[in-house]
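*Asks:* Here you go, one structure.
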Amino acid sequence: MDANRDADRWGALGDGTRLAIVARLAERPQPVGQLAAGLPVTRSAVSQHLKILKDAGLVEDTVAGTRRIYRLNPVALAALRDQLDTYWQRALAGYADTAQAPDEEG
């Protein structure tokens, strides 16, 4: 596991516009023009956000004629999900330990 790469991925999702782009790409692969049409930012801004998402490994693109079609990278998303599952399991274990500990206020 590359901690820097994981931090880049989480950081890339920390922006509302990039999170909106990821949500739209979760519906289907799309070119920049379609993505920009549904967002309150310019097409150029969407391209910049896509570059950050691509650099973080969250988005891939393919050339289709004169357009690039962007899609989510399922491997990167699975890695993030695995991290969340790990955090969730730790939180549940911590809760269980706390709930089973004897009452110390007695």
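Each chain of the structure tokens is named A, B, ... in the order shown, its residues numbered from 1; ligands are numbered from 1 in display order.
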Run DSSP on the backbone and tell me which residues of chain A come out as helix (DSSP H, G or I); list them as a VMD selection string.
*Replies:* chain A and resid 3 to 12 16 to 27 32 to 37 43 to 55 74 to 100
*Asks:* Where in segment 2-104 of chain A does DSSP assign strand (DSSP E or B), given as a VMD selection string?
*Replies:* chain A and resid 30 to 31 59 to 64 67 to 72
*Asks:* Counting only C-alpha atoms, which residue out of A:Val41, A:Val32, A:Ala101, A:Ala79 sits closest to Arg67 of chain A?
*Replies:* A:Val32
*Asks:* Counting only C-alpha atoms, what are the residues of segment 11-89 of chain A within 10 Å of segment 93-98 of chain A, and for each of them which pair of atoms is the nearest and at what distance in Å, to one decimal? Sort the table by chain and rising number, as JSON lines.
*Replies:*
```
{"residue": "A:Tyr87", "atom": "CA", "partner": "A:Ala93", "partner_atom": "CA", "distance": 9.9}
{"residue": "A:Trp88", "atom": "CA", "partner": "A:Ala93", "partner_atom": "CA", "distance": 8.5}
{"residue": "A:Gln89", "atom": "CA", "partner": "A:Ala93", "partner_atom": "CA", "distance": 6.1}
```
